[in-house]
file my_file37.cif (mmCIF, C-alpha atoms)
data_data
#
loop_
_atom_site.group_PDB
_atom_site.id
_atom_site.type_symbol
_atom_site.label_atom_id
_atom_site.label_comp_id
_atom_site.auth_asym_id
_atom_site.auth_seq_id
_atom_site.Cartn_x
_atom_site.Cartn_y
_atom_site.Cartn_z
ATOM 1 C CA MET H 23 -15.037 13.068 -13.528
ATOM 2 C CA ASP H 24 -17.696 13.674 -16.206
ATOM 3 C CA ARG H 25 -17.839 11.958 -19.596
ATOM 4 C CA ARG H 26 -15.735 14.603 -21.357
ATOM 5 C CA GLN H 27 -13.043 14.474 -18.658
ATOM 6 C CA PHE H 28 -12.968 10.701 -18.752
ATOM 7 C CA ILE H 29 -12.599 10.571 -22.534
ATOM 8 C CA THR H 30 -9.724 13.057 -22.300
ATOM 9 C CA ALA H 31 -8.078 11.081 -19.505
ATOM 10 C CA MET H 32 -8.374 7.870 -21.443
ATOM 11 C CA GLY H 33 -6.851 9.491 -24.504
ATOM 12 C CA VAL H 34 -3.832 10.606 -22.488
ATOM 13 C CA LEU H 35 -3.532 7.660 -20.144
ATOM 14 C CA GLY H 36 -4.982 4.643 -21.867
ATOM 15 C CA ALA H 37 -1.972 4.167 -24.101
ATOM 16 C CA ALA H 38 -0.001 3.092 -21.042
ATOM 17 C CA ALA H 39 -1.684 -0.304 -21.250
ATOM 18 C CA ALA H 40 0.169 -1.019 -24.481
ATOM 19 C CA LEU H 41 3.583 0.086 -23.242
ATOM 20 C CA PRO H 42 6.305 -2.371 -24.243
ATOM 21 C CA ILE H 43 8.298 -4.337 -21.710
ATOM 22 C CA PRO H 44 12.015 -4.585 -22.527
ATOM 23 C CA ALA H 45 13.088 -7.744 -24.347
ATOM 24 C CA PHE H 46 15.360 -8.818 -21.496
ATOM 25 C CA ALA H 47 12.355 -8.777 -19.158
ATOM 26 C CA SER H 48 9.794 -10.368 -21.431
ATOM 27 C CA THR H 49 11.580 -13.727 -21.329
ATOM 28 C CA LYS H 50 11.164 -13.961 -17.559
ATOM 29 C CA LYS H 51 7.991 -15.327 -16.040
ATOM 30 C CA HIS H 52 6.576 -12.817 -13.564
ATOM 31 C CA ASN H 53 4.852 -14.286 -10.537
ATOM 32 C CA TYR H 54 3.555 -10.955 -9.251
ATOM 33 C CA LYS H 55 0.603 -8.965 -10.475
ATOM 34 C CA PHE H 56 1.190 -5.335 -11.464
ATOM 35 C CA GLY H 57 -0.093 -3.587 -8.344
ATOM 36 C CA PHE H 58 -1.284 -0.080 -7.498
ATOM 37 C CA GLN H 59 -2.343 1.551 -4.222
ATOM 38 C CA LEU H 60 -5.588 3.365 -5.008
ATOM 39 C CA PHE H 61 -4.865 6.027 -2.398
ATOM 40 C CA SER H 62 -2.685 7.501 -5.141
ATOM 41 C CA VAL H 63 -5.891 8.518 -6.944
ATOM 42 C CA ASN H 64 -8.021 8.828 -3.831
ATOM 43 C CA GLN H 65 -9.873 12.000 -4.828
ATOM 44 C CA ASP H 66 -10.712 10.533 -8.215
ATOM 45 C CA MET H 67 -11.893 7.273 -6.647
ATOM 46 C CA ASN H 68 -14.146 9.098 -4.198
ATOM 47 C CA ARG H 69 -15.540 11.346 -6.937
ATOM 48 C CA ASP H 70 -16.070 8.701 -9.620
ATOM 49 C CA PRO H 71 -14.887 5.198 -8.700
ATOM 50 C CA ILE H 72 -16.258 3.571 -11.847
ATOM 51 C CA SER H 73 -14.474 5.787 -14.371
ATOM 52 C CA THR H 74 -11.306 6.006 -12.282
ATOM 53 C CA LEU H 75 -10.981 2.246 -11.873
ATOM 54 C CA LYS H 76 -11.526 1.850 -15.610
ATOM 55 C CA ALA H 77 -8.766 4.385 -16.280
ATOM 56 C CA VAL H 78 -6.135 2.772 -14.040
ATOM 57 C CA ALA H 79 -7.012 -0.701 -15.315
ATOM 58 C CA ALA H 80 -6.405 0.614 -18.836
ATOM 59 C CA MET H 81 -2.894 1.591 -17.749
ATOM 60 C CA GLY H 82 -2.135 -2.078 -17.160
ATOM 61 C CA TYR H 83 -2.560 -2.255 -13.392
ATOM 62 C CA GLU H 84 -3.913 -5.680 -12.471
ATOM 63 C CA ASP H 85 -4.162 -5.681 -8.691
ATOM 64 C CA PHE H 86 -5.019 -3.003 -6.157
ATOM 65 C CA GLU H 87 -4.726 -2.045 -2.537
ATOM 66 C CA ILE H 88 -7.777 -0.086 -1.463
ATOM 67 C CA PHE H 89 -8.449 2.772 0.907
ATOM 68 C CA GLY H 90 -11.944 4.043 1.552
ATOM 69 C CA PHE H 91 -13.882 1.479 3.590
ATOM 70 C CA ASN H 92 -16.902 2.447 5.683
ATOM 71 C CA GLY H 93 -17.492 -0.332 8.190
ATOM 72 C CA ASP H 94 -20.972 0.679 9.340
ATOM 73 C CA GLN H 95 -22.225 0.991 5.756
ATOM 74 C CA GLY H 96 -20.175 -1.867 4.346
ATOM 75 C CA THR H 97 -18.995 0.257 1.424
ATOM 76 C CA PHE H 98 -15.813 0.903 -0.534
ATOM 77 C CA TYR H 99 -15.660 4.345 -2.137
ATOM 78 C CA GLY H 100 -19.370 4.750 -1.445
ATOM 79 C CA GLN H 101 -20.310 1.480 -3.154
ATOM 80 C CA LYS H 102 -21.585 -1.600 -1.392
ATOM 81 C CA ALA H 103 -18.853 -4.222 -1.158
ATOM 82 C CA ALA H 104 -20.662 -6.659 -3.461
ATOM 83 C CA ALA H 105 -21.191 -3.957 -6.096
ATOM 84 C CA PHE H 106 -17.531 -2.940 -5.902
ATOM 85 C CA LYS H 107 -16.495 -6.587 -6.336
ATOM 86 C CA THR H 108 -18.630 -6.738 -9.478
ATOM 87 C CA LEU H 109 -16.869 -3.629 -10.763
ATOM 88 C CA LEU H 110 -13.497 -5.286 -10.179
ATOM 89 C CA ASP H 111 -14.627 -8.433 -11.960
ATOM 90 C CA ASP H 112 -15.936 -6.414 -14.889
ATOM 91 C CA HIS H 113 -12.419 -5.052 -15.454
ATOM 92 C CA ASN H 114 -10.656 -8.348 -14.707
ATOM 93 C CA VAL H 115 -8.702 -6.860 -11.791
ATOM 94 C CA THR H 116 -8.296 -7.853 -8.144
ATOM 95 C CA VAL H 117 -7.815 -6.328 -4.701
ATOM 96 C CA SER H 118 -5.261 -8.130 -2.554
ATOM 97 C CA SER H 119 -5.006 -5.757 0.429
ATOM 98 C CA GLY H 120 -6.806 -2.917 2.110
ATOM 99 C CA HIS H 121 -5.684 -0.001 4.258
ATOM 100 C CA PHE H 122 -8.314 0.373 6.965
ATOM 101 C CA GLU H 123 -8.671 3.293 9.367
ATOM 102 C CA PHE H 124 -7.801 1.630 12.663
ATOM 103 C CA ALA H 125 -5.922 4.549 14.231
ATOM 104 C CA PRO H 126 -9.036 6.385 15.535
ATOM 105 C CA LEU H 127 -9.830 3.258 17.557
ATOM 106 C CA LEU H 128 -6.420 2.909 19.195
ATOM 107 C CA GLU H 129 -7.604 4.518 22.436
ATOM 108 C CA LYS H 130 -11.091 3.025 22.259
ATOM 109 C CA SER H 131 -12.216 -0.182 23.920
ATOM 110 C CA ASP H 132 -11.117 -3.560 22.617
ATOM 111 C CA ALA H 133 -14.764 -4.302 21.893
ATOM 112 C CA ALA H 134 -15.025 -1.266 19.605
ATOM 113 C CA LEU H 135 -11.764 -2.118 17.852
ATOM 114 C CA MET H 136 -12.692 -5.761 17.323
ATOM 115 C CA ARG H 137 -16.124 -4.787 16.057
ATOM 116 C CA PHE H 138 -14.428 -2.770 13.335
ATOM 117 C CA VAL H 139 -11.964 -5.605 12.680
ATOM 118 C CA ASP H 140 -14.921 -7.916 12.099
ATOM 119 C CA GLN H 141 -16.443 -5.389 9.677
ATOM 120 C CA CYS H 142 -13.119 -5.226 7.836
ATOM 121 C CA ILE H 143 -12.978 -9.017 7.654
ATOM 122 C CA GLU H 144 -16.442 -9.119 6.131
ATOM 123 C CA GLY H 145 -15.529 -6.454 3.565
ATOM 124 C CA ALA H 146 -12.212 -8.126 2.759
ATOM 125 C CA ARG H 147 -13.879 -11.484 2.200
ATOM 126 C CA THR H 148 -16.387 -9.933 -0.171
ATOM 127 C CA LEU H 149 -13.543 -8.530 -2.292
ATOM 128 C CA ASN H 150 -11.497 -11.741 -1.932
ATOM 129 C CA MET H 151 -8.598 -9.864 -0.332
ATOM 130 C CA LYS H 152 -5.597 -11.649 1.119
ATOM 131 C CA TYR H 153 -4.516 -9.005 3.663
ATOM 132 C CA ILE H 154 -5.951 -6.464 6.061
ATOM 133 C CA THR H 155 -3.387 -3.748 6.782
ATOM 134 C CA TRP H 156 -2.942 -1.175 9.561
ATOM 135 C CA PRO H 157 -1.688 1.896 7.657
ATOM 136 C CA TRP H 158 -1.208 4.882 9.959
ATOM 137 C CA LEU H 159 -0.831 6.449 13.376
ATOM 138 C CA ALA H 160 -1.916 10.001 14.119
ATOM 139 C CA PRO H 161 0.859 12.372 15.293
ATOM 140 C CA GLU H 162 -0.430 12.421 18.872
ATOM 141 C CA GLN H 163 -0.305 8.595 18.997
ATOM 142 C CA ARG H 164 3.404 8.201 18.274
ATOM 143 C CA SER H 165 4.842 7.923 21.781
ATOM 144 C CA ILE H 166 6.911 4.966 22.975
ATOM 145 C CA GLU H 167 4.126 4.033 25.385
ATOM 146 C CA ASN H 168 1.586 4.009 22.573
ATOM 147 C CA TYR H 169 3.811 1.880 20.342
ATOM 148 C CA LYS H 170 3.945 -0.715 23.110
ATOM 149 C CA ALA H 171 0.176 -0.582 23.563
ATOM 150 C CA LEU H 172 -0.215 -0.791 19.791
ATOM 151 C CA CYS H 173 1.793 -4.018 19.660
ATOM 152 C CA GLU H 174 -0.584 -5.736 22.056
ATOM 153 C CA LYS H 175 -3.512 -4.711 19.873
ATOM 154 C CA LEU H 176 -1.744 -5.726 16.660
ATOM 155 C CA ASN H 177 -1.150 -9.219 18.035
ATOM 156 C CA ARG H 178 -4.792 -9.624 19.053
ATOM 157 C CA MET H 179 -5.991 -8.240 15.739
ATOM 158 C CA GLY H 180 -3.619 -10.512 13.848
ATOM 159 C CA GLU H 181 -4.913 -13.539 15.708
ATOM 160 C CA ARG H 182 -8.520 -12.621 14.886
ATOM 161 C CA VAL H 183 -7.789 -11.860 11.227
ATOM 162 C CA ASN H 184 -5.693 -15.009 10.808
ATOM 163 C CA SER H 185 -8.463 -17.084 12.362
ATOM 164 C CA ALA H 186 -10.754 -15.744 9.654
ATOM 165 C CA GLY H 187 -8.388 -17.079 6.984
ATOM 166 C CA LEU H 188 -6.807 -13.724 6.091
ATOM 167 C CA GLY H 189 -3.404 -12.160 6.635
ATOM 168 C CA PHE H 190 -2.721 -9.084 8.757
ATOM 169 C CA ALA H 191 0.090 -6.564 8.234
ATOM 170 C CA TYR H 192 1.498 -3.265 9.488
ATOM 171 C CA HIS H 193 2.543 -0.549 7.027
ATOM 172 C CA ASN H 194 5.366 1.850 7.941
ATOM 173 C CA HIS H 195 5.815 5.524 7.261
ATOM 174 C CA GLY H 196 8.814 7.563 8.382
ATOM 175 C CA PHE H 197 7.689 8.463 11.881
ATOM 176 C CA GLU H 198 8.253 4.934 13.208
ATOM 177 C CA PHE H 199 12.006 5.409 12.652
ATOM 178 C CA GLU H 200 12.276 8.641 14.655
ATOM 179 C CA ASP H 201 14.544 8.333 17.668
ATOM 180 C CA GLN H 202 12.885 8.818 21.049
ATOM 181 C CA GLY H 203 15.543 8.617 23.724
ATOM 182 C CA GLY H 204 17.389 5.762 22.085
ATOM 183 C CA GLN H 205 14.231 3.908 21.063
ATOM 184 C CA ASN H 206 12.004 4.045 18.040
ATOM 185 C CA GLY H 207 8.583 2.747 17.213
ATOM 186 C CA TYR H 208 9.624 0.418 14.427
ATOM 187 C CA ASP H 209 12.080 -1.505 16.581
ATOM 188 C CA ILE H 210 9.331 -1.943 19.169
ATOM 189 C CA ILE H 211 6.907 -3.232 16.536
ATOM 190 C CA LEU H 212 9.498 -5.682 15.211
ATOM 191 C CA LYS H 213 10.322 -7.000 18.686
ATOM 192 C CA GLU H 214 6.916 -7.057 20.340
ATOM 193 C CA THR H 215 4.624 -8.337 17.608
ATOM 194 C CA ASP H 216 4.377 -12.002 16.716
ATOM 195 C CA PRO H 217 5.768 -12.613 13.206
ATOM 196 C CA ALA H 218 3.258 -15.401 12.732
ATOM 197 C CA LEU H 219 0.347 -13.017 13.363
ATOM 198 C CA VAL H 220 1.588 -9.627 12.169
ATOM 199 C CA LYS H 221 3.317 -9.407 8.808
ATOM 200 C CA LEU H 222 4.955 -6.231 7.474
ATOM 201 C CA GLN H 223 4.291 -4.020 4.489
ATOM 202 C CA MET H 224 7.520 -2.224 3.628
ATOM 203 C CA ASP H 225 7.133 1.253 2.208
ATOM 204 C CA LEU H 226 10.460 1.502 0.403
ATOM 205 C CA PHE H 227 10.157 5.274 0.012
ATOM 206 C CA TRP H 228 9.888 5.816 3.755
ATOM 207 C CA VAL H 229 12.658 3.361 4.553
ATOM 208 C CA MET H 230 14.978 5.256 2.214
ATOM 209 C CA HIS H 231 13.696 8.592 3.530
ATOM 210 C CA SER H 232 13.877 7.989 7.289
ATOM 211 C CA SER H 233 15.431 4.702 8.367
ATOM 212 C CA LYS H 234 19.066 4.156 9.344
ATOM 213 C CA HIS H 235 18.755 0.691 7.834
ATOM 214 C CA SER H 236 18.473 -0.192 4.168
ATOM 215 C CA PRO H 237 15.606 -2.325 2.838
ATOM 216 C CA LYS H 238 18.049 -5.197 2.401
ATOM 217 C CA GLU H 239 19.154 -4.920 6.043
ATOM 218 C CA LEU H 240 15.552 -4.919 7.256
ATOM 219 C CA VAL H 241 14.801 -8.049 5.243
ATOM 220 C CA LYS H 242 17.940 -9.766 6.499
ATOM 221 C CA ALA H 243 16.803 -9.138 10.079
ATOM 222 C CA GLN H 244 13.220 -10.315 9.443
ATOM 223 C CA PRO H 245 13.326 -12.699 6.452
ATOM 224 C CA GLY H 246 10.002 -13.860 5.102
ATOM 225 C CA ARG H 247 8.001 -11.211 6.961
ATOM 226 C CA TYR H 248 7.815 -8.383 4.395
ATOM 227 C CA VAL H 249 4.909 -9.791 2.439
ATOM 228 C CA MET H 250 3.968 -6.515 0.686
ATOM 229 C CA TRP H 251 5.945 -3.561 -0.667
ATOM 230 C CA HIS H 252 5.087 0.022 -1.599
ATOM 231 C CA ILE H 253 7.163 1.390 -4.462
ATOM 232 C CA LYS H 254 7.430 5.132 -5.086
ATOM 233 C CA ASP H 255 10.133 7.689 -5.815
ATOM 234 C CA MET H 256 11.637 10.626 -3.890
ATOM 235 C CA ASP H 257 12.052 14.124 -5.336
ATOM 236 C CA LYS H 258 15.747 14.924 -5.626
ATOM 237 C CA LYS H 259 15.416 18.359 -3.998
ATOM 238 C CA THR H 260 12.363 18.362 -1.744
ATOM 239 C CA ARG H 261 12.453 14.647 -0.771
ATOM 240 C CA ASP H 262 8.688 14.616 -1.327
ATOM 241 C CA TYR H 263 6.877 12.056 -3.454
ATOM 242 C CA THR H 264 7.387 12.075 -7.206
ATOM 243 C CA GLU H 265 6.696 9.873 -10.205
ATOM 244 C CA LEU H 266 8.874 6.777 -10.621
ATOM 245 C CA GLY H 267 11.994 7.672 -12.571
ATOM 246 C CA ASN H 268 11.869 11.362 -11.647
ATOM 247 C CA GLY H 269 13.464 10.944 -8.244
ATOM 248 C CA SER H 270 16.550 9.808 -6.363
ATOM 249 C CA ILE H 271 15.797 6.203 -5.369
ATOM 250 C CA ASP H 272 17.977 3.765 -7.311
ATOM 251 C CA TYR H 273 15.652 0.784 -7.172
ATOM 252 C CA PRO H 274 17.912 -1.720 -8.970
ATOM 253 C CA SER H 275 20.528 -1.240 -6.233
ATOM 254 C CA ILE H 276 18.302 -1.045 -3.135
ATOM 255 C CA LEU H 277 15.642 -3.703 -3.802
ATOM 256 C CA PRO H 278 15.853 -6.728 -1.510
ATOM 257 C CA ASP H 279 15.384 -10.213 -2.881
ATOM 258 C CA PRO H 280 11.586 -10.628 -3.125
ATOM 259 C CA VAL H 281 11.813 -14.332 -2.270
ATOM 260 C CA ALA H 282 13.961 -13.740 0.815
ATOM 261 C CA ALA H 283 11.576 -10.978 1.892
ATOM 262 C CA GLY H 284 8.551 -13.226 1.503
ATOM 263 C CA MET H 285 6.982 -10.713 -0.861
ATOM 264 C CA GLU H 286 3.575 -11.671 -2.221
ATOM 265 C CA PHE H 287 2.327 -8.324 -3.565
ATOM 266 C CA TYR H 288 3.762 -4.942 -4.517
ATOM 267 C CA TYR H 289 1.963 -1.681 -5.197
ATOM 268 C CA LEU H 290 3.139 1.433 -6.982
ATOM 269 C CA GLU H 291 2.026 4.492 -5.048
ATOM 270 C CA GLN H 292 2.292 8.277 -5.065
ATOM 271 C CA GLY H 293 0.613 10.055 -2.187
ATOM 272 C CA GLY H 294 0.814 13.556 -3.643
ATOM 273 C CA ASN H 295 3.097 16.127 -5.297
ATOM 274 C CA PHE H 296 1.831 15.212 -8.773
ATOM 275 C CA THR H 297 3.571 16.870 -11.716
ATOM 276 C CA HIS H 298 0.277 17.236 -13.608
ATOM 277 C CA SER H 299 -2.498 15.151 -12.030
ATOM 278 C CA ALA H 300 -2.882 11.989 -9.996
ATOM 279 C CA LEU H 301 -4.034 9.963 -13.001
ATOM 280 C CA GLN H 302 -1.232 11.240 -15.222
ATOM 281 C CA SER H 303 1.290 10.377 -12.518
ATOM 282 C CA ALA H 304 -0.174 6.877 -12.273
ATOM 283 C CA ALA H 305 0.324 6.440 -16.015
ATOM 284 C CA ASP H 306 3.847 7.896 -15.985
ATOM 285 C CA SER H 307 4.930 5.609 -13.134
ATOM 286 C CA ALA H 308 3.375 2.610 -14.878
ATOM 287 C CA ARG H 309 5.357 3.383 -18.010
ATOM 288 C CA TYR H 310 8.646 3.760 -16.151
ATOM 289 C CA PHE H 311 8.108 0.624 -14.071
ATOM 290 C CA LYS H 312 7.320 -1.531 -17.092
ATOM 291 C CA GLN H 313 10.329 -0.285 -18.987
ATOM 292 C CA ASN H 314 12.900 -0.222 -16.191
ATOM 293 C CA LEU H 315 11.928 -2.182 -13.082
ATOM 294 C CA GLN H 316 9.446 -4.937 -13.804
ATOM 295 C CA HIS H 317 12.183 -7.341 -14.862
ATOM 296 C CA LEU H 318 13.514 -7.228 -11.295
ATOM 297 C CA PHE H 319 10.432 -9.024 -9.964
#

call {"tool": "encode", "arguments": {"input": "my_file37.cif", "output": "structure tokens"}}
result
Amino acid sequence: MDRRQFITAMGVLGAAAALPIPAFASTKKHNYKFGFQLFSVNQDMNRDPISTLKAVAAMGYEDFEIFGFNGDQGTFYGQKAAAFKTLLDDHNVTVSSGHFEFAPLLEKSDAALMRFVDQCIEGARTLNMKYITWPWLAPEQRSIENYKALCEKLNRMGERVNSAGLGFAYHNHGFEFEDQGGQNGYDIILKETDPALVKLQMDLFWVMHSSKHSPKELVKAQPGRYVMWHIKDMDKKTRDYTELGNGSIDYPSILPDPVAAGMEFYYLEQGGNFTHSALQSAADSARYFKQNLQHLF
């Protein structure tokens, strides 16, 4: 993003920071920061993290979940962790969680996995994060046997991360809910990981897309464990991602009680299928959320 592009983006997007919150919501004290998963603008962050972070902060986002850590180099989006923390401080924003690329190490030795965990802990501490999150499994890793092996690793990782004073969580997609001979990966994760060591990040889009259980039912079965939520909408025809308010998910009716869930942070997210651009979608979702959903939190 060059200077001309950034000025244009700010002209289109910056006004989102001043969007009004409905009167019925403004009287309620909000305990949660307005969060955003930076994977939504991943290409922009990798191309120009400084200008992109400035743009999304101008939309009113206060807290972020990151993606883009290089353990060997100790960098986020190509910037040394300390320099990235300074950038966050300069814009008065925070990072509360990170999605780290653990999946390539699933079949590696425990020593290799724990070495990366330690690198993640160091990076997370530098940014003053609260959670380290396992975000993904590759398609070839999604067998019942691998889910069981994964649970053992998640418990050990959770113990190590917790011992370092941080929280550890697992983030779902849709594939965990796929039936495999009467079993599915998510049920295995729920049963075979220790709730004290491995918290859960509920992606509400994927629960609505793929699970037989509603978000409220999942929370009822595991109260206090869903410490983070991902909030995004589902295209009415394709069932792909779309901007908040453009899709089919009726958030006022499906949202669990944040207190019962144990929710500490939420992040708006859109992983693709942008109507115009990733940054414009971030602004459009921010506008809709402030006007229609923020009062629910």

call {"tool": "residues_around", "arguments": {"input": "my_file37.cif", "residues": "region 237-241 of chain H", "least_positions_apart": "3", "cutoff": "7 Å", "atoms": "all atoms listed in the file", "output": "ChimeraX atom specification"}}
result
/H:226,229,244-245,276-278,283

call {"tool": "write_last_selection", "arguments": {"input": "my_file37.cif", "atoms": "C-alpha atoms", "output": "short mmCIF file (atom, residue, chain, number, x, y, z; two decimals), in the coordinates of the input"}}
result
data_model
loop_
_atom_site.label_atom_id
_atom_site.label_comp_id
_atom_site.auth_asym_id
_atom_site.auth_seq_id
_atom_site.Cartn_x
_atom_site.Cartn_y
_atom_site.Cartn_z
CA LEU H 226 10.46 1.50 0.40
CA VAL H 229 12.66 3.36 4.55
CA GLN H 244 13.22 -10.32 9.44
CA PRO H 245 13.33 -12.70 6.45
CA ILE H 276 18.30 -1.04 -3.14
CA LEU H 277 15.64 -3.70 -3.80
CA PRO H 278 15.85 -6.73 -1.51
CA ALA H 283 11.58 -10.98 1.89
#

call {"tool": "resolve_selection", "arguments": {"input": "my_file37.cif", "expression": "the PyMOL selection byres ((chain H and resi 300) around 10)", "output": "PyMOL selection string"}}
result
chain H and resi 61-66+265+292-299+301-306

call {"tool": "write_last_selection", "arguments": {"input": "my_file37.cif", "atoms": "C-alpha atoms", "output": "PDB file, keeping the file's coordinate frame"}}
result
ATOM      1  CA  PHE H  61      -4.865   6.027  -2.398  1.00  0.00           C
ATOM      2  CA  SER H  62      -2.685   7.501  -5.141  1.00  0.00           C
ATOM      3  CA  VAL H  63      -5.891   8.518  -6.944  1.00  0.00           C
ATOM      4  CA  ASN H  64      -8.021   8.828  -3.831  1.00  0.00           C
ATOM      5  CA  GLN H  65      -9.873  12.000  -4.828  1.00  0.00           C
ATOM      6  CA  ASP H  66     -10.712  10.533  -8.215  1.00  0.00           C
ATOM      7  CA  GLU H 265       6.696   9.873 -10.205  1.00  0.00           C
ATOM      8  CA  GLN H 292       2.292   8.277  -5.065  1.00  0.00           C
ATOM      9  CA  GLY H 293       0.613  10.055  -2.187  1.00  0.00           C
ATOM     10  CA  GLY H 294       0.814  13.556  -3.643  1.00  0.00           C
ATOM     11  CA  ASN H 295       3.097  16.127  -5.297  1.00  0.00           C
ATOM     12  CA  PHE H 296       1.831  15.212  -8.773  1.00  0.00           C
ATOM     13  CA  THR H 297       3.571  16.870 -11.716  1.00  0.00           C
ATOM     14  CA  HIS H 298       0.277  17.236 -13.608  1.00  0.00           C
ATOM     15  CA  SER H 299      -2.498  15.151 -12.030  1.00  0.00           C
ATOM     16  CA  LEU H 301      -4.034   9.963 -13.001  1.00  0.00           C
ATOM     17  CA  GLN H 302      -1.232  11.240 -15.222  1.00  0.00           C
ATOM     18  CA  SER H 303       1.290  10.377 -12.518  1.00  0.00           C
ATOM     19  CA  ALA H 304      -0.174   6.877 -12.273  1.00  0.00           C
ATOM     20  CA  ALA H 305       0.324   6.440 -16.015  1.00  0.00           C
ATOM     21  CA  ASP H 306       3.847   7.896 -15.985  1.00  0.00           C
TER      22      ASP H 306
END

call {"tool": "residues_around", "arguments": {"input": "my_file37.cif", "residues": "Asn114 (chain H)", "least_positions_apart": "3", "cutoff": "8 Å", "atoms": "all atoms listed in the file", "output": "tab-separated table (two decimals) with C-alpha atoms, keeping the file's coordinate frame"}}
result
chain	number	residue	atom	x	y	z
H	84	GLU	CA	-3.91	-5.68	-12.47
H	110	LEU	CA	-13.50	-5.29	-10.18
H	111	ASP	CA	-14.63	-8.43	-11.96

call {"tool": "resolve_selection", "arguments": {"input": "my_file37.cif", "expression": "the PyMOL selection byres ((chain H and resi 220) around 7)", "output": "ChimeraX atom specification"}}
result
/H:176-177,180,190-192,215-219,221-222

call {"tool": "resolve_selection", "arguments": {"input": "my_file37.cif", "expression": "the PyMOL selection byres ((chain H and resi 288) around 10)", "output": "number ranges by chain"}}
result
H: 54-59, 85-87, 118, 223-225, 249-253, 280, 285-287, 289-291, 319

call {"tool": "atom_distance", "arguments": {"input": "my_file37.cif", "atom1": "CA of Ala125 (chain H)", "atom2": "CA of Phe89 (chain H)"}}
result
13.7 Å

call {"tool": "residues_near_point", "arguments": {"input": "my_file37.cif", "point": "(-16.7, -9.2, 7.9)", "cutoff": "12 Å", "atoms": "all atoms listed in the file", "output": "PyMOL selection string"}}
result
chain H and resi 91-97+103+136-151+154+182-183+186-188

call {"tool": "write_last_selection", "arguments": {"input": "my_file37.cif", "atoms": "C-alpha atoms", "output": "PDB file, in the coordinates of the input"}}
result
ATOM      1  CA  PHE H  91     -13.882   1.479   3.590  1.00  0.00           C
ATOM      2  CA  ASN H  92     -16.902   2.447   5.683  1.00  0.00           C
ATOM      3  CA  GLY H  93     -17.492  -0.332   8.190  1.00  0.00           C
ATOM      4  CA  ASP H  94     -20.972   0.679   9.340  1.00  0.00           C
ATOM      5  CA  GLN H  95     -22.225   0.991   5.756  1.00  0.00           C
ATOM      6  CA  GLY H  96     -20.175  -1.867   4.346  1.00  0.00           C
ATOM      7  CA  THR H  97     -18.995   0.257   1.424  1.00  0.00           C
ATOM      8  CA  ALA H 103     -18.853  -4.222  -1.158  1.00  0.00           C
ATOM      9  CA  MET H 136     -12.692  -5.761  17.323  1.00  0.00           C
ATOM     10  CA  ARG H 137     -16.124  -4.787  16.057  1.00  0.00           C
ATOM     11  CA  PHE H 138     -14.428  -2.770  13.335  1.00  0.00           C
ATOM     12  CA  VAL H 139     -11.964  -5.605  12.680  1.00  0.00           C
ATOM     13  CA  ASP H 140     -14.921  -7.916  12.099  1.00  0.00           C
ATOM     14  CA  GLN H 141     -16.443  -5.389   9.677  1.00  0.00           C
ATOM     15  CA  CYS H 142     -13.119  -5.226   7.836  1.00  0.00           C
ATOM     16  CA  ILE H 143     -12.978  -9.017   7.654  1.00  0.00           C
ATOM     17  CA  GLU H 144     -16.442  -9.119   6.131  1.00  0.00           C
ATOM     18  CA  GLY H 145     -15.529  -6.454   3.565  1.00  0.00           C
ATOM     19  CA  ALA H 146     -12.212  -8.126   2.759  1.00  0.00           C
ATOM     20  CA  ARG H 147     -13.879 -11.484   2.200  1.00  0.00           C
ATOM     21  CA  THR H 148     -16.387  -9.933  -0.171  1.00  0.00           C
ATOM     22  CA  LEU H 149     -13.543  -8.530  -2.292  1.00  0.00           C
ATOM     23  CA  ASN H 150     -11.497 -11.741  -1.932  1.00  0.00           C
ATOM     24  CA  MET H 151      -8.598  -9.864  -0.332  1.00  0.00           C
ATOM     25  CA  ILE H 154      -5.951  -6.464   6.061  1.00  0.00           C
ATOM     26  CA  ARG H 182      -8.520 -12.621  14.886  1.00  0.00           C
ATOM     27  CA  VAL H 183      -7.789 -11.860  11.227  1.00  0.00           C
ATOM     28  CA  ALA H 186     -10.754 -15.744   9.654  1.00  0.00           C
ATOM     29  CA  GLY H 187      -8.388 -17.079   6.984  1.00  0.00           C
ATOM     30  CA  LEU H 188      -6.807 -13.724   6.091  1.00  0.00           C
TER      31      LEU H 188
END

call {"tool": "axis_aligned_box", "arguments": {"input": "my_file37.cif", "around": "region 289-308 of chain H", "padding_each_side": "5 Å", "output": "AutoDock Vina command-line options"}}
result
--center_x 0.4 --center_y 7.8 --center_z -9.1 --size_x 19.0 --size_y 28.9 --size_z 23.8

call {"tool": "closest_residue", "arguments": {"input": "my_file37.cif", "among": "H:Arg164, H:His113, H:Lys312, H:Lys254", "to": "Asn268 (chain H)", "atoms": "all atoms listed in the file"}}
result
H:Lys254

call {"tool": "closest_residue", "arguments": {"input": "my_file37.cif", "among": "H:Asp272, H:Glu123, H:Asp70, H:Glu129", "to": "Trp158 (chain H)", "atoms": "all atoms listed in the file"}}
result
H:Glu123

call {"tool": "closest_residue", "arguments": {"input": "my_file37.cif", "among": "H:Ala77, H:Ile166, H:Cys173, H:Ala105", "to": "Phe199 (chain H)", "atoms": "only C-alpha atoms"}}
result
H:Ile166

call {"tool": "atom_distance", "arguments": {"input": "my_file37.cif", "atom1": "CA of Glu162 (chain H)", "atom2": "CA of Met179 (chain H)"}}
result
21.6 Å

call {"tool": "atom_distance", "arguments": {"input": "my_file37.cif", "atom1": "CA of Gly246 (chain H)", "atom2": "CA of Leu135 (chain H)"}}
result
27.8 Å

call {"tool": "residues_around", "arguments": {"input": "my_file37.cif", "residues": "Gly189 (chain H)", "least_positions_apart": "5", "cutoff": "6 Å", "atoms": "all atoms listed in the file", "output": "ChimeraX atom specification"}}
result
/H:152-153,184
